[in-house]
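Novice: Got my_file.pdb for you, PDB, C-alpha atoms:
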```
ATOM      1  CA  MET A1417       0.000   0.000   0.000
ATOM      2  CA  SER A1418       2.717   2.485   1.013
ATOM      3  CA  SER A1419       4.379   2.432  -2.438
ATOM      4  CA  ARG A1420       1.150   3.713  -4.029
ATOM      5  CA  ILE A1421       0.720   6.656  -1.640
ATOM      6  CA  PRO A1422       2.698   9.294  -3.628
ATOM      7  CA  GLU A1423       0.720   8.526  -6.804
ATOM      8  CA  GLN A1424      -2.560   8.922  -4.928
ATOM      9  CA  LEU A1425      -1.545  12.225  -3.340
ATOM     10  CA  LYS A1426       0.031  14.049  -6.274
ATOM     11  CA  ASP A1427      -3.224  15.752  -7.268
ATOM     12  CA  LYS A1428      -4.328  16.521  -3.699
ATOM     13  CA  THR A1429      -4.169  19.785  -1.790
ATOM     14  CA  ALA A1430      -3.679  20.014   1.968
ATOM     15  CA  LEU A1431      -4.109  23.064   4.171
ATOM     16  CA  VAL A1432      -1.877  23.115   7.256
ATOM     17  CA  VAL A1433      -2.981  25.709   9.815
ATOM     18  CA  GLY A1434      -0.156  26.551  12.180
ATOM     19  CA  CYS A1435       3.512  26.089  11.323
ATOM     20  CA  GLY A1436       4.982  25.599  14.789
ATOM     21  CA  GLY A1437       5.700  22.354  16.618
ATOM     22  CA  LEU A1438       3.041  20.222  14.930
ATOM     23  CA  GLY A1439       2.789  22.104  11.645
ATOM     24  CA  GLY A1440       6.523  21.937  10.904
ATOM     25  CA  TYR A1441       6.540  18.151  11.190
ATOM     26  CA  VAL A1442       3.241  17.789   9.302
ATOM     27  CA  VAL A1443       4.588  19.852   6.381
ATOM     28  CA  GLU A1444       7.824  17.846   6.385
ATOM     29  CA  HIS A1445       5.951  14.536   6.122
ATOM     30  CA  LEU A1446       3.553  15.834   3.458
ATOM     31  CA  VAL A1447       6.459  17.064   1.321
ATOM     32  CA  ARG A1448       8.306  13.765   1.627
ATOM     33  CA  ILE A1449       5.282  11.551   0.853
ATOM     34  CA  GLY A1450       4.439  13.448  -2.332
ATOM     35  CA  MET A1451       1.476  15.689  -1.513
ATOM     36  CA  GLY A1452       0.795  17.737  -4.664
ATOM     37  CA  LYS A1453       0.045  21.108  -3.098
ATOM     38  CA  ILE A1454       0.375  22.375   0.462
ATOM     39  CA  ILE A1455      -1.115  25.632   1.714
ATOM     40  CA  ILE A1456       0.602  26.669   4.954
ATOM     41  CA  ALA A1457      -0.959  29.385   7.100
ATOM     42  CA  ASP A1458       0.797  31.060  10.023
ATOM     43  CA  HIS A1459       1.336  34.758  10.767
ATOM     44  CA  ASP A1460       4.290  34.233  13.074
ATOM     45  CA  CYS A1461       8.093  34.388  12.827
ATOM     46  CA  PHE A1462      10.587  32.032  14.456
ATOM     47  CA  CYS A1463      12.037  32.975  17.843
ATOM     48  CA  HIS A1464      14.659  31.388  20.109
ATOM     49  CA  SER A1465      12.074  29.614  22.262
ATOM     50  CA  ASN A1466      10.973  27.594  19.210
ATOM     51  CA  LEU A1467      14.338  25.860  18.824
ATOM     52  CA  ASN A1468      13.605  23.097  21.344
ATOM     53  CA  ARG A1469      10.711  21.598  19.379
ATOM     54  CA  GLN A1470       9.943  23.264  16.044
ATOM     55  CA  LEU A1471      11.576  21.299  13.221
ATOM     56  CA  ILE A1472      11.951  24.156  10.745
ATOM     57  CA  SER A1473      13.469  26.594  13.231
ATOM     58  CA  ASN A1474      17.234  26.974  13.466
ATOM     59  CA  LEU A1475      19.768  29.579  14.569
ATOM     60  CA  GLU A1476      19.875  31.069  11.065
ATOM     61  CA  ASN A1477      16.147  31.798  10.660
ATOM     62  CA  ILE A1478      15.229  33.459  13.960
ATOM     63  CA  GLY A1479      13.019  36.456  13.158
ATOM     64  CA  LEU A1480      12.022  35.112   9.739
ATOM     65  CA  SER A1481       8.538  34.101   8.595
ATOM     66  CA  LYS A1482       7.635  30.520   9.530
ATOM     67  CA  VAL A1483       5.716  29.850   6.329
ATOM     68  CA  GLN A1484       8.413  31.279   4.043
ATOM     69  CA  GLU A1485      11.034  29.187   5.832
ATOM     70  CA  ALA A1486       8.781  26.136   5.485
ATOM     71  CA  LYS A1487       8.577  26.784   1.751
ATOM     72  CA  LYS A1488      12.373  27.007   1.474
ATOM     73  CA  ARG A1489      12.816  23.761   3.372
ATOM     74  CA  ALA A1490      10.128  22.016   1.291
ATOM     75  CA  PHE A1491      11.836  22.965  -1.984
ATOM     76  CA  SER A1492      15.171  21.739  -0.648
ATOM     77  CA  ILE A1493      13.545  18.296  -0.327
ATOM     78  CA  ASN A1494      11.026  18.053  -3.183
ATOM     79  CA  LYS A1495      11.010  20.486  -6.103
ATOM     80  CA  ALA A1496       7.764  19.058  -7.477
ATOM     81  CA  VAL A1497       5.636  20.113  -4.517
ATOM     82  CA  GLN A1498       3.615  23.311  -4.797
ATOM     83  CA  ILE A1499       3.759  25.395  -1.620
ATOM     84  CA  ILE A1500       1.443  28.323  -0.941
ATOM     85  CA  PRO A1501       2.666  30.256   2.126
ATOM     86  CA  ILE A1502       0.004  32.432   3.781
ATOM     87  CA  GLU A1503       1.347  34.927   6.325
ATOM     88  CA  GLU A1504      -1.978  35.479   8.043
ATOM     89  CA  LYS A1505      -3.698  34.359  11.205
ATOM     90  CA  VAL A1506      -6.664  32.211  10.226
ATOM     91  CA  ASP A1507     -10.001  33.630  11.333
ATOM     92  CA  LYS A1508     -13.631  33.587  10.264
ATOM     93  CA  THR A1509     -13.086  36.334   7.703
ATOM     94  CA  ASN A1510     -10.258  34.724   5.725
ATOM     95  CA  ILE A1511     -10.724  30.962   6.070
ATOM     96  CA  GLN A1512     -12.817  30.700   2.876
ATOM     97  CA  LYS A1513     -10.082  32.375   0.832
ATOM     98  CA  ILE A1514      -7.165  30.521   2.456
ATOM     99  CA  ALA A1515      -8.735  27.068   2.230
ATOM    100  CA  MET A1516     -10.067  27.368  -1.299
ATOM    101  CA  GLY A1517      -9.546  24.168  -3.277
ATOM    102  CA  CYS A1518      -8.155  22.070  -0.453
ATOM    103  CA  ASP A1519      -9.040  18.397   0.014
ATOM    104  CA  ILE A1520      -8.079  18.130   3.671
ATOM    105  CA  VAL A1521      -7.234  20.413   6.594
ATOM    106  CA  PHE A1522      -4.585  19.714   9.240
ATOM    107  CA  ASP A1523      -5.298  21.478  12.519
ATOM    108  CA  CYS A1524      -1.880  22.331  13.956
ATOM    109  CA  SER A1525      -3.078  25.527  15.581
ATOM    110  CA  ASP A1526      -2.077  26.654  19.064
ATOM    111  CA  ASN A1527      -5.443  27.920  20.257
ATOM    112  CA  VAL A1528      -8.979  26.654  20.700
ATOM    113  CA  PRO A1529     -10.894  29.439  18.889
ATOM    114  CA  THR A1530      -8.958  28.766  15.649
ATOM    115  CA  ARG A1531      -9.531  25.034  16.017
ATOM    116  CA  LEU A1532     -13.288  25.598  16.316
ATOM    117  CA  ILE A1533     -13.269  27.861  13.232
ATOM    118  CA  LEU A1534     -11.583  25.036  11.283
ATOM    119  CA  GLU A1535     -14.151  22.525  12.522
ATOM    120  CA  GLU A1536     -17.018  24.768  11.455
ATOM    121  CA  TYR A1537     -15.453  25.417   8.030
ATOM    122  CA  CYS A1538     -14.760  21.719   7.362
ATOM    123  CA  GLU A1539     -18.291  20.838   8.448
ATOM    124  CA  GLU A1540     -19.690  23.357   5.952
ATOM    125  CA  LYS A1541     -17.380  22.266   3.097
ATOM    126  CA  ASN A1542     -17.627  18.519   3.796
ATOM    127  CA  LEU A1543     -13.869  18.168   4.362
ATOM    128  CA  PRO A1544     -11.958  15.904   6.741
ATOM    129  CA  LEU A1545     -10.166  17.796   9.522
ATOM    130  CA  ILE A1546      -7.174  16.109  11.108
ATOM    131  CA  HIS A1547      -6.778  17.530  14.589
ATOM    132  CA  GLY A1548      -3.592  17.462  16.627
ATOM    133  CA  ALA A1549      -2.808  19.125  19.947
ATOM    134  CA  ILE A1550       0.044  18.894  22.432
ATOM    135  CA  GLY A1551       0.954  20.060  25.923
ATOM    136  CA  ASP A1552       3.609  18.820  28.330
ATOM    137  CA  LEU A1553       4.023  15.087  27.561
ATOM    138  CA  CYS A1554       0.415  14.717  26.356
ATOM    139  CA  GLY A1555      -1.101  14.830  22.911
ATOM    140  CA  GLN A1556      -4.291  14.025  21.087
ATOM    141  CA  VAL A1557      -5.188  13.226  17.483
ATOM    142  CA  ALA A1558      -8.640  13.081  15.922
ATOM    143  CA  ALA A1559     -10.087  12.717  12.440
ATOM    144  CA  VAL A1560     -13.105  14.977  12.419
ATOM    145  CA  TYR A1561     -15.651  14.418   9.673
ATOM    146  CA  PRO A1562     -18.795  16.460   9.063
ATOM    147  CA  GLY A1563     -21.336  15.638  11.744
ATOM    148  CA  ASP A1564     -18.758  14.474  14.300
ATOM    149  CA  ARG A1565     -18.247  17.825  16.056
ATOM    150  CA  THR A1566     -15.410  16.165  17.999
ATOM    151  CA  LEU A1567     -13.632  19.422  18.840
ATOM    152  CA  SER A1568     -16.778  21.170  20.086
ATOM    153  CA  LYS A1569     -17.279  18.220  22.449
ATOM    154  CA  LEU A1570     -13.646  18.010  23.584
ATOM    155  CA  TYR A1571     -13.293  21.729  24.236
ATOM    156  CA  LYS A1572     -16.820  22.281  25.614
ATOM    157  CA  ASP A1573     -15.644  23.760  28.913
ATOM    158  CA  PHE A1574     -12.139  24.763  28.192
ATOM    159  CA  SER A1575      -9.819  27.398  29.558
ATOM    160  CA  GLU A1576      -6.714  27.866  27.429
ATOM    161  CA  LYS A1577      -3.432  27.034  29.157
ATOM    162  CA  LYS A1578      -0.073  27.133  27.399
ATOM    163  CA  LEU A1579       2.120  24.243  28.462
ATOM    164  CA  PRO A1580       5.748  23.748  27.521
ATOM    165  CA  THR A1581       6.600  20.533  25.694
ATOM    166  CA  VAL A1582       9.601  18.735  24.218
ATOM    167  CA  SER A1583      10.561  17.906  20.638
ATOM    168  CA  TYR A1584       9.459  14.270  20.514
ATOM    169  CA  VAL A1585       5.860  15.076  21.481
ATOM    170  CA  PRO A1586       5.027  17.158  18.359
ATOM    171  CA  ALA A1587       7.054  14.713  16.238
ATOM    172  CA  LEU A1588       4.888  11.802  17.408
ATOM    173  CA  VAL A1589       1.529  13.570  17.260
ATOM    174  CA  ALA A1590       2.256  15.123  13.837
ATOM    175  CA  SER A1591       3.260  11.724  12.442
ATOM    176  CA  LEU A1592      -0.044  10.260  13.608
ATOM    177  CA  GLN A1593      -1.907  13.225  12.088
ATOM    178  CA  VAL A1594      -0.290  12.645   8.697
ATOM    179  CA  SER A1595      -0.885   8.900   8.878
ATOM    180  CA  GLU A1596      -4.605   9.488   9.488
ATOM    181  CA  GLY A1597      -4.693  12.266   6.894
ATOM    182  CA  VAL A1598      -3.310   9.974   4.201
ATOM    183  CA  LYS A1599      -5.939   7.348   5.088
ATOM    184  CA  ALA A1600      -8.636  10.011   4.911
ATOM    185  CA  LEU A1601      -7.461  11.099   1.440
ATOM    186  CA  ILE A1602      -7.272   7.628  -0.051
ATOM    187  CA  GLY A1603     -10.054   5.974   1.940
ATOM    188  CA  GLU A1604     -11.267   6.634   5.462
ATOM    189  CA  SER A1605      -9.396   7.380   8.668
ATOM    190  CA  GLN A1606      -9.696   4.760  11.396
ATOM    191  CA  LEU A1607      -9.991   7.634  13.850
ATOM    192  CA  ARG A1608     -13.189   8.885  12.270
ATOM    193  CA  GLY A1609     -15.309  10.335  15.090
ATOM    194  CA  LYS A1610     -12.765   9.182  17.645
ATOM    195  CA  THR A1611      -9.817  10.684  19.508
ATOM    196  CA  MET A1612      -6.485   9.072  20.238
ATOM    197  CA  ILE A1613      -5.068  10.333  23.513
ATOM    198  CA  ILE A1614      -1.412   9.873  24.343
ATOM    199  CA  ASP A1615       0.377  10.493  27.628
ATOM    200  CA  LEU A1616       4.079   9.793  27.285
ATOM    201  CA  SER A1617       4.656  10.247  31.024
ATOM    202  CA  THR A1618       2.928   6.896  31.604
ATOM    203  CA  ASN A1619       2.849   5.503  28.025
ATOM    204  CA  TYR A1620      -0.952   5.640  28.185
ATOM    205  CA  ILE A1621      -2.419   5.522  24.680
ATOM    206  CA  LYS A1622      -6.144   5.073  24.168
ATOM    207  CA  ILE A1623      -8.722   5.641  21.465
ATOM    208  CA  ILE A1624     -11.871   7.162  22.875
ATOM    209  CA  GLY A1625     -15.208   8.082  21.379
ATOM    210  CA  SER A1626     -17.481   6.041  19.200
ATOM    211  CA  GLU A1627     -19.167   6.159  15.860
ATOM    212  CA  GLU A1628     -22.658   6.970  17.090
ATOM    213  CA  GLY A1629     -22.096  10.663  16.437
ATOM    214  CA  ARG A1630     -21.961  10.189  12.676
TER     215      ARG A1630
ATOM    216  CA  MET B 645     -12.844  -1.299  41.901
ATOM    217  CA  ALA B 646     -12.965   0.623  38.646
ATOM    218  CA  THR B 647      -9.807   2.117  37.167
ATOM    219  CA  VAL B 648      -9.886   5.861  36.622
ATOM    220  CA  LYS B 649      -7.367   7.410  34.216
ATOM    221  CA  PHE B 650      -6.716  11.134  34.237
ATOM    222  CA  PHE B 651      -5.545  12.731  31.006
ATOM    223  CA  GLY B 652      -4.227  16.082  29.838
ATOM    224  CA  LEU B 653      -4.370  19.190  32.004
ATOM    225  CA  LEU B 654      -5.984  17.269  34.835
ATOM    226  CA  ARG B 655      -3.063  14.817  35.003
ATOM    227  CA  ILE B 656      -0.505  17.573  34.549
ATOM    228  CA  GLN B 657      -1.980  19.829  37.249
ATOM    229  CA  THR B 658      -2.655  17.110  39.842
ATOM    230  CA  GLY B 659       0.255  14.799  39.052
ATOM    231  CA  ILE B 660      -2.173  11.870  39.330
ATOM    232  CA  ALA B 661      -2.384   9.614  36.281
ATOM    233  CA  GLU B 662      -4.479   6.754  37.643
ATOM    234  CA  ALA B 663      -6.673   5.859  40.606
ATOM    235  CA  LYS B 664      -8.869   3.005  41.768
ATOM    236  CA  ALA B 665     -12.338   4.033  42.862
ATOM    237  CA  GLU B 666     -15.523   2.407  44.103
ATOM    238  CA  GLY B 667     -19.110   3.100  43.170
ATOM    239  CA  LYS B 668     -22.112   1.524  41.501
ATOM    240  CA  THR B 669     -22.618   4.559  39.307
ATOM    241  CA  LEU B 670     -20.265   7.106  37.752
ATOM    242  CA  LYS B 671     -21.507   9.724  40.214
ATOM    243  CA  GLU B 672     -20.517   7.497  43.155
ATOM    244  CA  VAL B 673     -17.109   6.901  41.583
ATOM    245  CA  LEU B 674     -16.551  10.656  41.273
ATOM    246  CA  TYR B 675     -17.427  11.113  44.958
ATOM    247  CA  ASP B 676     -14.903   8.396  45.822
ATOM    248  CA  ILE B 677     -12.262  10.243  43.783
ATOM    249  CA  GLN B 678     -13.070  13.439  45.675
ATOM    250  CA  ARG B 679     -12.762  11.575  48.972
ATOM    251  CA  GLN B 680      -9.319  10.233  48.006
ATOM    252  CA  TYR B 681      -8.080  13.416  46.337
ATOM    253  CA  PRO B 682      -9.846  16.463  47.836
ATOM    254  CA  SER B 683      -8.274  18.756  45.213
ATOM    255  CA  MET B 684     -10.436  17.026  42.592
ATOM    256  CA  THR B 685     -13.974  18.042  43.457
ATOM    257  CA  VAL B 686     -17.045  16.388  41.969
ATOM    258  CA  LYS B 687     -18.176  19.804  40.758
ATOM    259  CA  GLU B 688     -14.975  20.247  38.734
ATOM    260  CA  LEU B 689     -14.775  16.632  37.568
ATOM    261  CA  LYS B 690     -18.302  16.840  36.156
ATOM    262  CA  LYS B 691     -17.143  19.617  33.811
ATOM    263  CA  LYS B 692     -14.530  17.361  32.216
ATOM    264  CA  VAL B 693     -14.966  15.111  29.196
ATOM    265  CA  ILE B 694     -15.624  11.630  30.599
ATOM    266  CA  TYR B 695     -15.599   8.244  28.876
ATOM    267  CA  VAL B 696     -16.475   4.822  30.277
ATOM    268  CA  ASN B 697     -14.641   2.042  28.454
ATOM    269  CA  GLY B 698     -13.909   4.520  25.656
ATOM    270  CA  LYS B 699     -17.538   5.587  25.270
ATOM    271  CA  ASP B 700     -18.676   9.179  25.844
ATOM    272  CA  ILE B 701     -21.012   9.322  28.848
ATOM    273  CA  ASN B 702     -23.321  11.519  26.766
ATOM    274  CA  GLN B 703     -24.067   8.327  24.828
ATOM    275  CA  LEU B 704     -24.576   6.385  28.055
ATOM    276  CA  LYS B 705     -26.541   7.568  31.092
ATOM    277  CA  PHE B 706     -24.336  10.508  32.034
ATOM    278  CA  PHE B 707     -23.506  10.382  35.735
ATOM    279  CA  ARG B 708     -26.071   7.618  36.301
ATOM    280  CA  THR B 709     -24.035   5.255  34.101
ATOM    281  CA  LYS B 710     -23.603   1.924  35.897
ATOM    282  CA  ILE B 711     -19.998   1.052  36.694
ATOM    283  CA  ASN B 712     -18.568  -2.460  36.982
ATOM    284  CA  PRO B 713     -15.349  -3.313  38.836
ATOM    285  CA  ASN B 714     -13.400  -3.928  35.620
ATOM    286  CA  ASP B 715     -14.500  -0.729  33.892
ATOM    287  CA  GLU B 716     -11.998   1.909  32.820
ATOM    288  CA  ILE B 717     -13.091   5.510  33.218
ATOM    289  CA  THR B 718     -11.138   8.200  31.369
ATOM    290  CA  ILE B 719     -11.503  11.751  32.657
ATOM    291  CA  MET B 720      -9.883  14.202  30.292
ATOM    292  CA  SER B 721      -9.089  17.824  30.074
ATOM    293  CA  PRO B 722      -7.688  18.153  26.548
ATOM    294  CA  VAL B 723      -4.429  19.909  25.710
ATOM    295  CA  SER B 724      -4.471  22.642  23.080
ATOM    296  CA  GLY B 725      -0.917  23.585  22.116
ATOM    297  CA  GLY B 726       0.498  23.273  18.649
TER     298      GLY B 726
END
```
Now, as a test, write the supplied structure out as structure tokens.
Specialist:
Amino acid sequence: MSSRIPEQLKDKTALVVGCGGLGGYVVEHLVRIGMGKIIIADHDCFCHSNLNRQLISNLENIGLSKVQEAKKRAFSINKAVQIIPIEEKVDKTNIQKIAMGCDIVFDCSDNVPTRLILEEYCEEKNLPLIHGAIGDLCGQVAAVYPGDRTLSKLYKDFSEKKLPTVSYVPALVASLQVSEGVKALIGESQLRGKTMIIDLSTNYIKIIGSEEGR
Amino acid sequence: MATVKFFGLLRIQTGIAEAKAEGKTLKEVLYDIQRQYPSMTVKELKKKVIYVNGKDINQLKFFRTKINPNDEITIMSPVSGG
């Protein structure tokens, strides 16, 4: 199956929202597996505190645009990939324009309001949304399809709290996101309507949720 | 006794990843958790996303869901960083 993946992805377009810890690894995987076109949205620039976990950051690109640096790195790996860097923060007013023509959305955002905007947009456009989130040694991955409303349920009573993390947490969660995203593009994700939760402090990994919500 | 797993912010803030708790219903289990760990109140626990054997309690009988000794209850407070 894996040898056929590049052929099946070459005409597909992915939107990656957020180009930090998760987004950097997601873009890297998508470039290397042969995704045809990748739209990357992030308004931020790299800073020193990103170096411990954000793949694309390095000592040479501090202060530079994350999405432009992602484009440079992508072309250094795969010249056939089309990269559209968007230096904007995704919100309700620009999501239609940014996501135009995409087949799948990867949620690599760092805040709940943006995540819920993506869920609403994907619901409306009938697109799969591959959610990833990290904090400390924990992470979660979900494949959200129209009707699931997984993120609205998960974040129903949520107060935002920024938690530091380490490099292997986004690497793991982003890899799982891309794995489920590929399945969603060429078939159906096994995490449809479900959430995989991972706690590396205890090696607790569990898939929660059921299919009744479909 | 049922096994209760704490995930995400709840685990990070309390430092407790797992507990054993007694109760015939989920509500009774939550009261047992509060008794063992007073920092985790029933009022706060009820606001979390709770699953019994991987199933959302909204698809079961909420806090009246019957609990068996071998059941695994997951109480989560999702992370949100990227």
Novice: When distances are computed from all atoms listed in the file, which of B:Lys671, B:Arg708, B:Lys692, B:Lys699 shows the smallest separation from B:Phe650?
Specialist: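 For B:Phe650, the nearest of the candidates is B:Lys692.
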Novice: Dump as number ranges by chain the residues of chain B that approach chain A to within 7 Å, counting all atoms listed in the file.
Specialist: B: 652, 691, 693, 698-700, 722-726
Novice: Select, from A:Met1612, A:Ile1454, A:Leu1425, A:Cys1538, the residue with the minimum atom-to-atom distance to A:Pro1501, counting only C-alpha atoms.
Specialist: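 Nearest to A:Pro1501: A:Ile1454.
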Novice: If you measure from atom CA of B:Pro682 to atom CA of A:Ser1568, what distance in Å do you get, rounded to one decimal?
Specialist: 29.0 Å
Novice: With all atoms listed in the file as the atoms that count, which of B:Leu704, B:Leu689, B:Val673, B:Val648 lies nearest to B:Thr718?
Specialist: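 Of all the options, B:Val648 lies closest to B:Thr718.
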Novice: Applied to this file, what does the PyMOL selection byres ((chain A and resi 1430) around 9) return in terms of residues, put as a compact mmCIF listing (two decimals) with C-alpha atoms, keeping the file's coordinate frame?
Specialist:
```
# COMPACT_ATOMS: atom_id res chain seq x y z
CA LYS A 1428 -4.33 16.52 -3.70
CA THR A 1429 -4.17 19.78 -1.79
CA LEU A 1431 -4.11 23.06 4.17
CA VAL A 1432 -1.88 23.12 7.26
CA LEU A 1446 3.55 15.83 3.46
CA MET A 1451 1.48 15.69 -1.51
CA GLY A 1452 0.80 17.74 -4.66
CA LYS A 1453 0.04 21.11 -3.10
CA ILE A 1454 0.38 22.38 0.46
CA ILE A 1455 -1.12 25.63 1.71
CA ILE A 1456 0.60 26.67 4.95
CA ALA A 1515 -8.74 27.07 2.23
CA GLY A 1517 -9.55 24.17 -3.28
CA CYS A 1518 -8.15 22.07 -0.45
CA ASP A 1519 -9.04 18.40 0.01
CA ILE A 1520 -8.08 18.13 3.67
CA VAL A 1521 -7.23 20.41 6.59
CA PHE A 1522 -4.58 19.71 9.24
```
Novice: Using all atoms listed in the file, which of B:Gln678, B:Thr658, B:Ala646, B:Val696 sits nearest B:Ser721?
Specialist: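 Nearest to B:Ser721: B:Thr658.
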Novice: Can you pull out the residues contacting B:Phe706? Cut-off 9 Å, using all atoms listed in the file, and skip same-chain residues under 3 positions away; I want them as a JSON list (two decimals) with C-alpha atoms, keeping the file's coordinate frame.
Specialist:
```
[["chain", "number", "residue", "atom", "x", "y", "z"],
["B", 670, "LEU", "CA", -20.26, 7.11, 37.75],
["B", 671, "LYS", "CA", -21.51, 9.72, 40.21],
["B", 694, "ILE", "CA", -15.62, 11.63, 30.60],
["B", 700, "ASP", "CA", -18.68, 9.18, 25.84],
["B", 701, "ILE", "CA", -21.01, 9.32, 28.85],
["B", 702, "ASN", "CA", -23.32, 11.52, 26.77],
["B", 703, "GLN", "CA", -24.07, 8.33, 24.83],
["B", 709, "THR", "CA", -24.04, 5.26, 34.10]]
```
Novice: Residues near B:Tyr675, anyone? I mean within 9 Å using all atoms listed in the file, not counting same-chain ones fewer than 6 positions away, as a PDB file with C-alpha atoms, in the coordinates of the input.
Specialist:
```pdb
ATOM      1  CA  ALA B 665     -12.338   4.033  42.862  1.00  0.00           C
ATOM      2  CA  GLU B 666     -15.523   2.407  44.103  1.00  0.00           C
ATOM      3  CA  GLY B 667     -19.110   3.100  43.170  1.00  0.00           C
ATOM      4  CA  THR B 685     -13.974  18.042  43.457  1.00  0.00           C
ATOM      5  CA  VAL B 686     -17.045  16.388  41.969  1.00  0.00           C
TER       6      VAL B 686
END
```
Novice: Quick one: of A:His1445, A:Arg1420, A:His1459, A:Lys1541, who's nearest to A:Met1516, counting all atoms listed in the file?
Specialist: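 Closest to A:Met1516, using all atoms listed in the file: A:Lys1541.
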Novice: Might you pull out every residue within 7 Å of A:Lys1482, with all atoms listed in the file counted and same-chain residues fewer than 5 positions away left off, and present them as a list in words?
Specialist: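 Residues near the query, excluding close chain neighbours: Cys1435, Asp1458, Asp1460, Cys1461 and Phe1462 of chain A.
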Novice: Report as a PDB file with C-alpha atoms, in the coordinates of the input all protein, DNA and RNA residues lying within 6 Å of stretch 711-714 of chain B, evaluated on all atoms listed in the file, omitting residues in the same chain fewer than 4 positions from it.
Specialist:
```pdb
ATOM      1  CA  MET B 645     -12.844  -1.299  41.901  1.00  0.00           C
ATOM      2  CA  ALA B 646     -12.965   0.623  38.646  1.00  0.00           C
ATOM      3  CA  LYS B 668     -22.112   1.524  41.501  1.00  0.00           C
ATOM      4  CA  THR B 669     -22.618   4.559  39.307  1.00  0.00           C
TER       5      THR B 669
END
```
Novice: Measuring between only C-alpha atoms, which one of A:Leu1616, A:Ile1602, A:Leu1607, A:Ala1559 shows the shortest distance to A:Leu1588?
Specialist: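 Among A:Leu1616, A:Ile1602, A:Leu1607, A:Ala1559, it is A:Leu1616 that comes nearest to A:Leu1588.
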Novice: Calculate, to one decimal in Å, the centre and edge lengths of the box along x, y and z of the file that holds all listed atoms of stretch 1564-1571 of chain A with 6 Å of margin on each side, and present them as lines of an AutoDock Vina configuration file.
Specialist:
```
center_x = -16.0
center_y = 18.1
center_z = 19.3
size_x = 17.5
size_y = 19.3
size_z = 21.9
```
Novice: Quote the spacing between atom CA of A:Gln1593 and atom CA of A:Glu1476 in Å to one decimal place.
Specialist: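 Pair atom CA of A:Gln1593 / atom CA of A:Glu1476 returns 28.2 Å.
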Novice: Provide the atom CA of A:Tyr1537 to atom CA of A:Asn1494 distance in Å, to one decimal place.
Specialist: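 Distance reported for this atom pair: 29.7 Å.
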Novice: Please provide the set of residues having any atom within 10 Å of B:Gln680, restricted to all atoms listed in the file, with same-chain residues fewer than 3 positions apart removed, written as a list in words.
Specialist: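 Skipping anything fewer than 3 positions along the chain leaves Ala663, Lys664, Ala665, Leu674, Tyr675, Asp676, Ile677, Ser683 and Met684 of chain B.
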